[in-house]
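First comes the structure, then the notes that go with it.
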Amino acid sequence: MTSETSLPLIPLAVGVVCLLVAVLNRPDRRRLPPGPKGLPILGNIFDAPKEHEWRTFQEWGRIYDSDVVHFQILGTHYMILNSAKATTELFEKRSNLYSDKPEAAMLHLTGWDRNWGLMKYGDFWRAHRKIFHQHFRSNVVSAYHQRTENAVHQLLRLLYAEPECFIEHIHFMTAYNIIGIVYGVDINSEGDPTLAIVEEALDILRNFGNPGVYLVDSFPLLRFIPSWFPGAKFKRDAEAWKPVVDKMYMQPYSDLKTAYEKGVPRPCLGTKMLAELYKDGANFQSEILEQVIINTTGTVNAAASDTSRSVLLVFILAMLLYPEVQLAAQTELDQVIGTDRLPVIEDEESLPYITALVRETLRWRPVLPIGNAHKSSADDEYEGYHIPAGTVIFGNARAILHDDKQFPNPDAFDPNRFLDSNGRLLEHLANTISSAFGFGRRMCPGRYFALDVIWLTAANVLAAFTIEKPFDEMGNVVEPSGEFISGLVSHPAPFKAVFKPRSTIAFAL
Ligand code: HEM
């Protein structure tokens, strides 16, 4: 998991930290979970996968015949939980011990430490979660239905006009929706700077998203070496990146605040948060609350579009690969709501197949296949294995969602697995896909909103278009590779699709 950019540091760093690592690495008499045998000091630095981690982690589970596997890099313990039983036991039942997040020096150096999804567990994180919850809990997200409907209708128009650019249109739609909700502005589809800066900042985060990628994350003291020092490329990178991340968090917030202070508040979630800040007349409440608001709004902006758009691309990919599922969904749409209007969220209860299809999309190719890392905050024991304090722990969502005991023939895309023989939703199975949204106290708090966006988009796109594989100049069908690009959020590799209009109502919009 060490990047090439840090490699020149190794000779320098190894001398300084060898002793420390040797101490950290000293054999522990207590039994750690099984895993690949590592090298002295370096541990499993060469075994740790650099992409499609879920696959290697699942394989290790098979090799060592354990749903819990362990490895070590430069003194840091890592543990993978490959089963729902293990994630429930540790992340849910012992959530007081397993809700922390690993420290990563690169987050601080670049300004991405404002991302409260990667923040240490404690009161500061709790303040973010509380304010976020006020605006995204299950019984308030209906406030965003109208905006989401507008965004989805825009998507339909764009797909009609330029179907070949469907990937860009989906990116635009998810960003347009959340930026409007949070900051009260409408971005435009042609290279809007607000959208461009989010993309740039996310690209930066992708460079060091998982812990251990940079040596400085394992040895935080390295952050104090000067940037001109040979091998300190990480520091020069961070210095170049920080202004981008600062701008992503600060610019839209400053504009929002200026409008508020000028007495022309925008109707949006950010303004509601600002009203808290100036609760007692014009009295500014506290700098800490302001920081929480900046972090919360900026993180929502980044977290919401990157994840939702990837799920929507998985949905398009599945429709290409499983035309019979697409047909079944369109049959339900035509029978239940007809062809003279588009679906709205209120139709959800009468369209169980669409809901099952959305659940299957999240299960089939979870876009955060190993979730986000958690960290244990005290020594613990699980099934006779010792878990040292400070262990970095991943829940292997992909392995859990492809457990063939729970989901027979797991690689097939089949919404029927969530329905009974009468086509009704098997509600007791709804929770079985929760690992797509992470675990325990850190589980995605944006999931209710995300599910609405995905459901409404899937229903509308299927009502308006039939999605088909394209043909090349020789008349051969162009198959999608079905590959995924690894990252903090994994995305389907770019693929082509044809969107054939099937409803005239969509284009009268
Ligand atoms: C289908 C789309 C989405 C998926 C698959 C998804 C998945 C995840 C996952 C796996 C985590 C990590 C949980 C953990 O650490 O165990 C997470 C955290 C988070 N998500 Fe989402 N997410 C989605 C959409 C959203 C949206 C739309 C928002 C905002 C409106 C959002 C906001 C957040 C935040 C703020 C966190 C950090 C929570 C914390 O650390 O306490 N997510 N999400």
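By convention here, the chains of the structure tokens are called A, B, ... in the order presented, each chain's residues are numbered starting at 1, and ligands are numbered starting at 1 in the order presented.
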
Mind running chain A against ligand 1 at 7 Å and telling me each contacting residue's nearest atom pair with the distance in Å (one decimal), counting only C-alpha atoms and all ligand atoms, chain and number ascending, as a Markdown table?
```
| residue | atom | partner | partner_atom_place_in_ligand_line | distance |
| --- | --- | --- | --- | --- |
| A:Trp116 | CA | ligand 1 | 40 (O) | 5.9 |
| A:Gly117 | CA | ligand 1 | 40 (O) | 3.3 |
| A:Leu118 | CA | ligand 1 | 40 (O) | 6.0 |
| A:Met119 | CA | ligand 1 | 40 (O) | 6.8 |
| A:Arg129 | CA | ligand 1 | 41 (O) | 5.9 |
| A:Phe136 | CA | ligand 1 | 30 (C) | 6.9 |
| A:Thr299 | CA | ligand 1 | 35 (C) | 6.2 |
| A:Val300 | CA | ligand 1 | 29 (C) | 4.6 |
| A:Ala303 | CA | ligand 1 | 31 (C) | 5.0 |
| A:Ala304 | CA | ligand 1 | 27 (C) | 3.6 |
| A:Ser305 | CA | ligand 1 | 27 (C) | 6.6 |
| A:Thr307 | CA | ligand 1 | 2 (C) | 4.6 |
| A:Ser308 | CA | ligand 1 | 2 (C) | 4.3 |
| A:Val311 | CA | ligand 1 | 1 (C) | 5.9 |
| A:Pro366 | CA | ligand 1 | 5 (C) | 6.7 |
| A:Val367 | CA | ligand 1 | 5 (C) | 5.8 |
| A:Leu368 | CA | ligand 1 | 10 (C) | 5.4 |
| A:Gly371 | CA | ligand 1 | 10 (C) | 4.3 |
| A:Asn372 | CA | ligand 1 | 15 (O) | 4.5 |
| A:Ala373 | CA | ligand 1 | 15 (O) | 6.2 |
| A:His374 | CA | ligand 1 | 15 (O) | 6.2 |
| A:Ala436 | CA | ligand 1 | 5 (C) | 5.4 |
| A:Phe437 | CA | ligand 1 | 7 (C) | 4.0 |
| A:Gly438 | CA | ligand 1 | 16 (O) | 3.5 |
| A:Phe439 | CA | ligand 1 | 16 (O) | 4.0 |
| A:Gly440 | CA | ligand 1 | 16 (O) | 6.5 |
| A:Arg441 | CA | ligand 1 | 41 (O) | 6.6 |
| A:Arg442 | CA | ligand 1 | 41 (O) | 4.0 |
| A:Met443 | CA | ligand 1 | 13 (C) | 4.2 |
| A:Cys444 | CA | ligand 1 | 18 (C) | 3.8 |
| A:Pro445 | CA | ligand 1 | 33 (C) | 5.5 |
| A:Gly446 | CA | ligand 1 | 28 (C) | 3.7 |
| A:Arg447 | CA | ligand 1 | 24 (C) | 5.5 |
| A:Phe449 | CA | ligand 1 | 27 (C) | 5.8 |
| A:Ala450 | CA | ligand 1 | 27 (C) | 4.3 |
| A:Leu451 | CA | ligand 1 | 1 (C) | 6.4 |
```

Output N, CA, C and O atoms for every residue in that selection, as a CSV table (one decimal), in the first residue's frame.
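That gives us out.csv:
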```csv
chain,number,residue,atom,x,y,z
A,116,TRP,N,-15.6,14.8,7.7
A,116,TRP,CA,-15.9,14.3,9.0
A,116,TRP,C,-16.2,12.8,8.9
A,116,TRP,O,-16.3,12.1,10.0
A,117,GLY,N,-16.3,12.2,7.7
A,117,GLY,CA,-16.5,10.8,7.6
A,117,GLY,C,-15.1,10.1,7.9
A,117,GLY,O,-15.1,8.9,8.1
A,118,LEU,N,-14.0,10.9,7.9
A,118,LEU,CA,-12.7,10.3,8.2
A,118,LEU,C,-12.2,10.8,9.5
A,118,LEU,O,-11.0,10.6,9.8
A,119,MET,N,-13.1,11.4,10.2
A,119,MET,CA,-12.6,12.1,11.5
A,119,MET,C,-12.6,11.1,12.7
A,119,MET,O,-13.4,10.2,12.7
A,129,ARG,N,-22.2,14.9,13.2
A,129,ARG,CA,-23.2,13.8,12.9
A,129,ARG,C,-24.6,14.4,13.3
A,129,ARG,O,-25.6,14.2,12.7
A,136,PHE,N,-31.0,15.2,7.4
A,136,PHE,CA,-31.0,14.0,6.5
A,136,PHE,C,-31.6,12.8,7.1
A,136,PHE,O,-31.5,11.7,6.6
A,299,THR,N,-18.5,18.4,3.1
A,299,THR,CA,-18.4,16.9,3.1
A,299,THR,C,-19.6,16.3,2.4
A,299,THR,O,-19.5,15.4,1.6
A,300,VAL,N,-20.8,16.9,2.6
A,300,VAL,CA,-22.0,16.4,2.0
A,300,VAL,C,-21.8,16.6,0.5
A,300,VAL,O,-22.1,15.7,-0.3
A,303,ALA,N,-19.4,13.9,-0.6
A,303,ALA,CA,-19.8,12.5,-0.4
A,303,ALA,C,-21.0,12.1,-1.2
A,303,ALA,O,-21.1,11.0,-1.7
A,304,ALA,N,-21.9,13.0,-1.4
A,304,ALA,CA,-23.2,12.7,-2.0
A,304,ALA,C,-23.1,12.4,-3.5
A,304,ALA,O,-23.6,11.4,-4.0
A,305,SER,N,-22.3,13.2,-4.2
A,305,SER,CA,-22.3,13.0,-5.7
A,305,SER,C,-21.4,11.8,-6.1
A,305,SER,O,-21.8,11.0,-6.9
A,307,THR,N,-20.6,9.0,-4.6
A,307,THR,CA,-21.2,7.7,-4.3
A,307,THR,C,-22.4,7.5,-5.2
A,307,THR,O,-22.5,6.4,-5.8
A,308,SER,N,-23.4,8.4,-5.2
A,308,SER,CA,-24.6,8.2,-5.9
A,308,SER,C,-24.4,8.0,-7.4
A,308,SER,O,-25.1,7.2,-8.0
A,311,VAL,N,-23.3,4.5,-8.1
A,311,VAL,CA,-24.4,3.5,-8.0
A,311,VAL,C,-25.2,3.6,-9.2
A,311,VAL,O,-25.6,2.6,-9.8
A,366,PRO,N,-21.3,-3.3,-4.8
A,366,PRO,CA,-21.3,-2.2,-3.8
A,366,PRO,C,-20.2,-1.3,-4.2
A,366,PRO,O,-19.0,-1.7,-4.5
A,367,VAL,N,-20.4,0.0,-4.2
A,367,VAL,CA,-19.4,1.0,-4.7
A,367,VAL,C,-18.4,1.3,-3.7
A,367,VAL,O,-17.3,1.9,-4.0
A,368,LEU,N,-18.6,0.9,-2.4
A,368,LEU,CA,-17.5,1.0,-1.4
A,368,LEU,C,-17.3,-0.5,-1.0
A,368,LEU,O,-17.8,-0.9,0.1
A,371,GLY,N,-15.9,-0.7,2.3
A,371,GLY,CA,-16.4,0.4,3.2
A,371,GLY,C,-15.3,1.4,3.4
A,371,GLY,O,-14.4,1.7,2.5
A,372,ASN,N,-15.3,2.0,4.5
A,372,ASN,CA,-14.3,2.9,5.0
A,372,ASN,C,-13.6,2.3,6.2
A,372,ASN,O,-14.4,1.7,7.0
A,373,ALA,N,-12.3,2.5,6.4
A,373,ALA,CA,-11.7,1.9,7.6
A,373,ALA,C,-12.2,2.4,8.9
A,373,ALA,O,-12.5,3.6,9.0
A,374,HIS,N,-12.4,1.5,9.8
A,374,HIS,CA,-12.6,1.9,11.2
A,374,HIS,C,-11.3,1.6,12.0
A,374,HIS,O,-10.4,1.0,11.5
A,436,ALA,N,-23.7,-2.2,2.4
A,436,ALA,CA,-23.3,-1.3,1.3
A,436,ALA,C,-23.1,0.1,1.8
A,436,ALA,O,-22.5,1.0,1.2
A,437,PHE,N,-23.7,0.4,3.0
A,437,PHE,CA,-23.6,1.8,3.6
A,437,PHE,C,-22.7,1.9,4.8
A,437,PHE,O,-22.7,2.8,5.5
A,438,GLY,N,-21.9,0.8,5.0
A,438,GLY,CA,-21.0,0.9,6.1
A,438,GLY,C,-21.6,0.3,7.4
A,438,GLY,O,-22.6,-0.4,7.3
A,439,PHE,N,-21.0,0.6,8.5
A,439,PHE,CA,-21.2,-0.2,9.7
A,439,PHE,C,-21.4,0.7,11.0
A,439,PHE,O,-20.7,1.7,11.2
A,440,GLY,N,-22.2,0.2,11.9
A,440,GLY,CA,-22.3,0.7,13.3
A,440,GLY,C,-22.6,2.2,13.3
A,440,GLY,O,-23.3,2.7,12.5
A,441,ARG,N,-21.9,2.8,14.3
A,441,ARG,CA,-22.2,4.3,14.5
A,441,ARG,C,-21.7,5.1,13.3
A,441,ARG,O,-22.0,6.3,13.3
A,442,ARG,N,-20.8,4.6,12.5
A,442,ARG,CA,-20.3,5.4,11.4
A,442,ARG,C,-21.1,5.1,10.1
A,442,ARG,O,-20.7,5.6,9.0
A,443,MET,N,-22.1,4.3,10.2
A,443,MET,CA,-22.9,3.9,9.0
A,443,MET,C,-23.4,5.2,8.3
A,443,MET,O,-23.7,6.2,8.9
A,444,CYS,N,-23.4,5.2,6.9
A,444,CYS,CA,-23.8,6.3,6.1
A,444,CYS,C,-25.1,7.0,6.6
A,444,CYS,O,-26.1,6.4,6.5
A,445,PRO,N,-25.0,8.2,7.1
A,445,PRO,CA,-26.2,8.9,7.5
A,445,PRO,C,-27.0,9.5,6.3
A,445,PRO,O,-28.0,10.1,6.5
A,446,GLY,N,-26.4,9.5,5.1
A,446,GLY,CA,-27.0,10.0,4.0
A,446,GLY,C,-27.9,9.0,3.2
A,446,GLY,O,-28.3,9.3,2.1
A,447,ARG,N,-28.0,7.8,3.8
A,447,ARG,CA,-28.6,6.7,3.0
A,447,ARG,C,-30.1,6.9,2.6
A,447,ARG,O,-30.5,6.4,1.6
A,449,PHE,N,-31.6,9.7,1.9
A,449,PHE,CA,-31.6,10.6,0.8
A,449,PHE,C,-31.1,9.9,-0.4
A,449,PHE,O,-31.7,10.0,-1.5
A,450,ALA,N,-30.0,9.2,-0.3
A,450,ALA,CA,-29.3,8.5,-1.4
A,450,ALA,C,-30.3,7.5,-2.1
A,450,ALA,O,-30.5,7.5,-3.3
A,451,LEU,N,-31.0,6.8,-1.2
A,451,LEU,CA,-32.0,5.8,-1.8
A,451,LEU,C,-33.1,6.5,-2.6
A,451,LEU,O,-33.5,6.0,-3.6
```

Do a neighbour search on Glu348 (chain A) at 9 Å with only C-alpha atoms, toss out local chain neighbours closer than 5 positions, and write the hits as a list in words.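 Surrounding residues, per the criterion: Pro343, Ile354, Thr355, Trp455 and Leu456 of chain A.
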
Proximity to Ala459 (chain A) - best of A:Arg94, A:His133, A:Lys235, A:Arg341, only C-alpha atoms: A:Arg341

Can you pull out every residue within 10 Å of region 246-259 of chain A, counting only C-alpha atoms, but drop anything in the same chain fewer than 2 positions away, and send it as number ranges by chain? A: 110-112, 114-115, 179, 182-185, 194-202, 241-244, 261-266, 268, 270-271, 274, 293-299, 301-302

Top pick for closest residue to His386 (chain A), considering A:Val152, A:Ser490, A:His70, A:Lys50 and counting only C-alpha atoms: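 Using only C-alpha atoms, His386 (chain A) sits closest to A:His70.
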
Could you find all residues in region 182-423 of chain A that DSSP calls strand (DSSP E or B) from the backbone, and write them as number ranges by chain? A: 374-375, 380-382, 385-387, 392-395, 419

With distances taken over only C-alpha atoms, which residue among A:Lys272, A:Lys37, A:His171, A:Lys130 lies nearest Ile73 (chain A)?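 Of A:Lys272, A:Lys37, A:His171, A:Lys130, the one nearest Ile73 (chain A), counting only C-alpha atoms, is A:Lys37.
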
Contacts of Ala397 (chain A) at 6 Å (only C-alpha atoms; same-chain gap of 6+ positions) as a PyMOL selection string: chain A and resi 369-370+435-436

Write out as a compact mmCIF listing (two decimals) with C-alpha atoms, in the first residue's frame each polymer residue whose atoms come within 10 Å of Arg359 (chain A), counting only C-alpha atoms; drop sequence neighbours fewer than 3 positions from it.
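Result went into around00.txt, see below:
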```
# COMPACT_ATOMS: atom_id res chain seq x y z
CA TYR A 353 -39.91 -4.41 -8.53
CA ILE A 354 -38.14 -1.03 -8.97
CA THR A 355 -37.33 -0.99 -5.25
CA ALA A 356 -36.00 -4.56 -5.46
CA LEU A 362 -26.44 -1.85 -4.17
CA ARG A 363 -25.83 -5.53 -3.41
CA TRP A 364 -24.49 -6.66 -6.78
CA ASP A 414 -31.67 -10.71 -9.84
CA PRO A 415 -34.11 -8.30 -8.12
CA ARG A 417 -34.30 -12.32 -4.59
CA PHE A 418 -35.91 -9.44 -2.65
CA LEU A 429 -34.33 -8.71 3.67
CA ALA A 430 -34.03 -4.91 3.37
CA ASN A 431 -31.44 -4.84 6.16
CA THR A 432 -29.28 -7.50 4.58
CA ILE A 433 -27.85 -4.91 2.19
CA SER A 434 -27.01 -2.41 4.92
CA ALA A 436 -23.30 -1.29 1.32
CA LEU A 451 -31.99 5.80 -1.77
CA ILE A 454 -31.33 6.39 -6.87
CA TRP A 455 -34.88 5.09 -6.84
```

Point-to-point distance from CA of Arg206 (chain A) to CA of Ser377 (chain A), Å rounded to tenths: 25.7 Å

With distances taken over only C-alpha atoms, which of A:Phe208, A:Phe57, A:Phe172, A:Phe413 is nearest to Asp192 (chain A)?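 Selected residue with least distance to Asp192 (chain A): A:Phe172.
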
Run DSSP on the backbone and give me the residues of region 309-472 of chain A it puts in helix (DSSP H, G or I), as an MDAnalysis selection string. chainID A and resid 309:321 323:337 345:350 352:364 397:401 415:418 427:437 440:442 447:464

For Gly43 (chain A), please output as a PyMOL selection string all residues within 10 Å (counting only C-alpha atoms; exclusion window: fewer than 6 positions along the same chain). chain A and resi 21+25+36-37+71-77

Please produce a file of those selected residues containing N, CA and C atoms, as a short mmCIF file (atom, residue, chain, number, x, y, z; two decimals), in the first residue's frame.
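Saved as result26.cif:
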```
data_model
loop_
_atom_site.label_atom_id
_atom_site.label_comp_id
_atom_site.auth_asym_id
_atom_site.auth_seq_id
_atom_site.Cartn_x
_atom_site.Cartn_y
_atom_site.Cartn_z
N VAL A 21 9.66 0.59 14.89
CA VAL A 21 8.89 -0.49 14.26
C VAL A 21 9.20 -1.82 14.93
N ASN A 25 6.56 -4.09 16.45
CA ASN A 25 6.40 -5.37 15.78
C ASN A 25 6.77 -6.56 16.65
N PRO A 36 -1.59 -13.71 6.01
CA PRO A 36 -0.31 -14.00 5.36
C PRO A 36 0.87 -13.65 6.27
N LYS A 37 1.88 -14.52 6.21
CA LYS A 37 3.07 -14.29 7.05
C LYS A 37 3.86 -13.15 6.43
N PHE A 71 -3.37 -8.73 8.87
CA PHE A 71 -2.02 -8.50 8.32
C PHE A 71 -1.44 -7.27 8.99
N GLN A 72 -0.16 -7.03 8.68
CA GLN A 72 0.52 -5.95 9.39
C GLN A 72 1.42 -5.20 8.41
N ILE A 73 1.43 -3.89 8.49
CA ILE A 73 2.36 -3.11 7.66
C ILE A 73 3.08 -2.12 8.56
N LEU A 74 4.40 -2.21 8.58
CA LEU A 74 5.23 -1.27 9.35
C LEU A 74 4.67 -1.03 10.74
N GLY A 75 4.29 -2.10 11.38
CA GLY A 75 3.85 -2.00 12.78
C GLY A 75 2.37 -1.73 12.97
N THR A 76 1.67 -1.37 11.91
CA THR A 76 0.22 -1.16 12.06
C THR A 76 -0.52 -2.47 11.78
N HIS A 77 -1.42 -2.81 12.69
CA HIS A 77 -2.24 -4.02 12.49
C HIS A 77 -3.46 -3.69 11.64
#
```

Rounded to one decimal, what separation in Å do you get between CA of Ala151 (chain A) and CA of Ala464 (chain A)?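 Spanning CA of Ala151 (chain A) to CA of Ala464 (chain A) is a straight-line distance of 14.8 Å.
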
Residues within 12 Å of region 469-484 of chain A, please, as a compact mmCIF listing (two decimals) with N, CA and C atoms, in the first residue's frame. Count only C-alpha atoms; anything in the same chain fewer than 3 positions from it doesn't count.
```txt
# COMPACT_ATOMS: atom_id res chain seq x y z
N GLU A 51 -5.27 -2.81 -5.52
CA GLU A 51 -6.60 -2.55 -6.09
C GLU A 51 -7.48 -3.79 -5.87
N HIS A 52 -8.79 -3.60 -6.07
CA HIS A 52 -9.77 -4.66 -5.83
C HIS A 52 -9.44 -5.41 -4.54
N GLU A 53 -9.21 -4.63 -3.48
CA GLU A 53 -8.80 -5.22 -2.20
C GLU A 53 -9.76 -6.30 -1.73
N PRO A 163 -27.31 11.40 -25.75
CA PRO A 163 -27.28 10.13 -25.01
C PRO A 163 -25.88 9.56 -24.83
N GLU A 164 -24.99 9.85 -25.80
CA GLU A 164 -23.64 9.26 -25.73
C GLU A 164 -22.85 9.80 -24.52
N SER A 310 -21.89 6.77 -8.85
CA SER A 310 -21.29 5.48 -9.13
C SER A 310 -22.36 4.37 -9.07
N VAL A 311 -23.26 4.49 -8.08
CA VAL A 311 -24.35 3.51 -7.98
C VAL A 311 -25.22 3.58 -9.24
N LEU A 313 -24.32 4.44 -12.22
CA LEU A 313 -23.62 3.80 -13.35
C LEU A 313 -23.68 2.28 -13.24
N VAL A 314 -23.64 1.78 -12.02
CA VAL A 314 -23.80 0.32 -11.83
C VAL A 314 -25.20 -0.08 -12.32
N PHE A 315 -26.18 0.76 -12.02
CA PHE A 315 -27.56 0.48 -12.47
C PHE A 315 -27.62 0.42 -14.01
N ILE A 316 -27.01 1.39 -14.69
CA ILE A 316 -27.04 1.40 -16.16
C ILE A 316 -26.34 0.13 -16.69
N LEU A 317 -25.20 -0.18 -16.07
CA LEU A 317 -24.44 -1.37 -16.51
C LEU A 317 -25.30 -2.63 -16.36
N ALA A 318 -25.97 -2.75 -15.22
CA ALA A 318 -26.82 -3.93 -14.99
C ALA A 318 -27.95 -4.01 -16.03
N MET A 319 -28.51 -2.85 -16.39
CA MET A 319 -29.61 -2.86 -17.37
C MET A 319 -29.11 -3.32 -18.75
N LEU A 320 -27.85 -2.98 -19.06
CA LEU A 320 -27.27 -3.44 -20.33
C LEU A 320 -27.07 -4.95 -20.32
N LEU A 321 -26.58 -5.43 -19.18
CA LEU A 321 -26.21 -6.85 -19.10
C LEU A 321 -27.42 -7.76 -18.84
N TYR A 322 -28.49 -7.20 -18.28
CA TYR A 322 -29.66 -8.02 -17.94
C TYR A 322 -30.92 -7.41 -18.54
N PRO A 323 -31.09 -7.50 -19.88
CA PRO A 323 -32.25 -6.88 -20.52
C PRO A 323 -33.58 -7.42 -20.01
N ARG A 365 -22.93 -4.81 -6.95
CA ARG A 365 -21.59 -4.20 -7.04
C ARG A 365 -21.52 -3.03 -6.07
N PRO A 366 -21.34 -3.31 -4.76
CA PRO A 366 -21.29 -2.21 -3.79
C PRO A 366 -20.15 -1.25 -4.17
N VAL A 367 -20.43 0.04 -4.17
CA VAL A 367 -19.44 0.99 -4.68
C VAL A 367 -18.36 1.32 -3.66
N LEU A 368 -18.60 0.94 -2.40
CA LEU A 368 -17.50 0.99 -1.42
C LEU A 368 -17.30 -0.45 -0.96
N PRO A 369 -16.60 -1.25 -1.78
CA PRO A 369 -16.58 -2.71 -1.52
C PRO A 369 -15.97 -3.07 -0.17
N THR A 466 -35.23 2.90 -23.23
CA THR A 466 -34.72 1.53 -23.16
C THR A 466 -33.21 1.64 -23.35
N GLY A 487 -10.83 2.41 -5.94
CA GLY A 487 -10.59 3.72 -5.32
C GLY A 487 -11.37 3.76 -4.04
N VAL A 489 -14.08 5.24 -3.62
CA VAL A 489 -15.36 4.80 -4.17
C VAL A 489 -15.02 4.12 -5.49
N SER A 490 -15.50 2.89 -5.71
CA SER A 490 -15.15 2.23 -6.96
C SER A 490 -16.20 2.55 -8.04
N HIS A 491 -15.73 2.73 -9.28
CA HIS A 491 -16.61 3.13 -10.38
C HIS A 491 -16.52 2.10 -11.49
N PRO A 492 -17.62 1.86 -12.22
CA PRO A 492 -17.50 1.00 -13.40
C PRO A 492 -16.54 1.65 -14.39
N ALA A 493 -15.69 0.84 -15.02
CA ALA A 493 -14.81 1.39 -16.07
C ALA A 493 -15.71 1.98 -17.15
N PRO A 494 -15.29 3.07 -17.83
CA PRO A 494 -16.17 3.70 -18.82
C PRO A 494 -16.69 2.69 -19.83
N PHE A 495 -17.98 2.81 -20.17
CA PHE A 495 -18.59 1.90 -21.14
C PHE A 495 -19.60 2.70 -21.96
N LYS A 496 -20.04 2.08 -23.07
CA LYS A 496 -20.98 2.78 -23.95
C LYS A 496 -22.38 2.19 -23.82
N ALA A 497 -23.37 3.04 -24.02
CA ALA A 497 -24.76 2.55 -23.98
C ALA A 497 -25.61 3.43 -24.89
N VAL A 498 -26.69 2.84 -25.40
CA VAL A 498 -27.64 3.58 -26.24
C VAL A 498 -28.90 3.79 -25.42
N PHE A 499 -29.44 5.02 -25.45
CA PHE A 499 -30.69 5.31 -24.74
C PHE A 499 -31.78 5.56 -25.78
N LYS A 500 -32.67 4.57 -25.95
CA LYS A 500 -33.74 4.70 -26.96
C LYS A 500 -34.99 5.25 -26.30
```

How many Å lie between CA of Arg147 (chain A) and CA of Gly180 (chain A), rounded to one decimal?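 Interatomic distance, CA of Arg147 (chain A) to CA of Gly180 (chain A): 7.7 Å.
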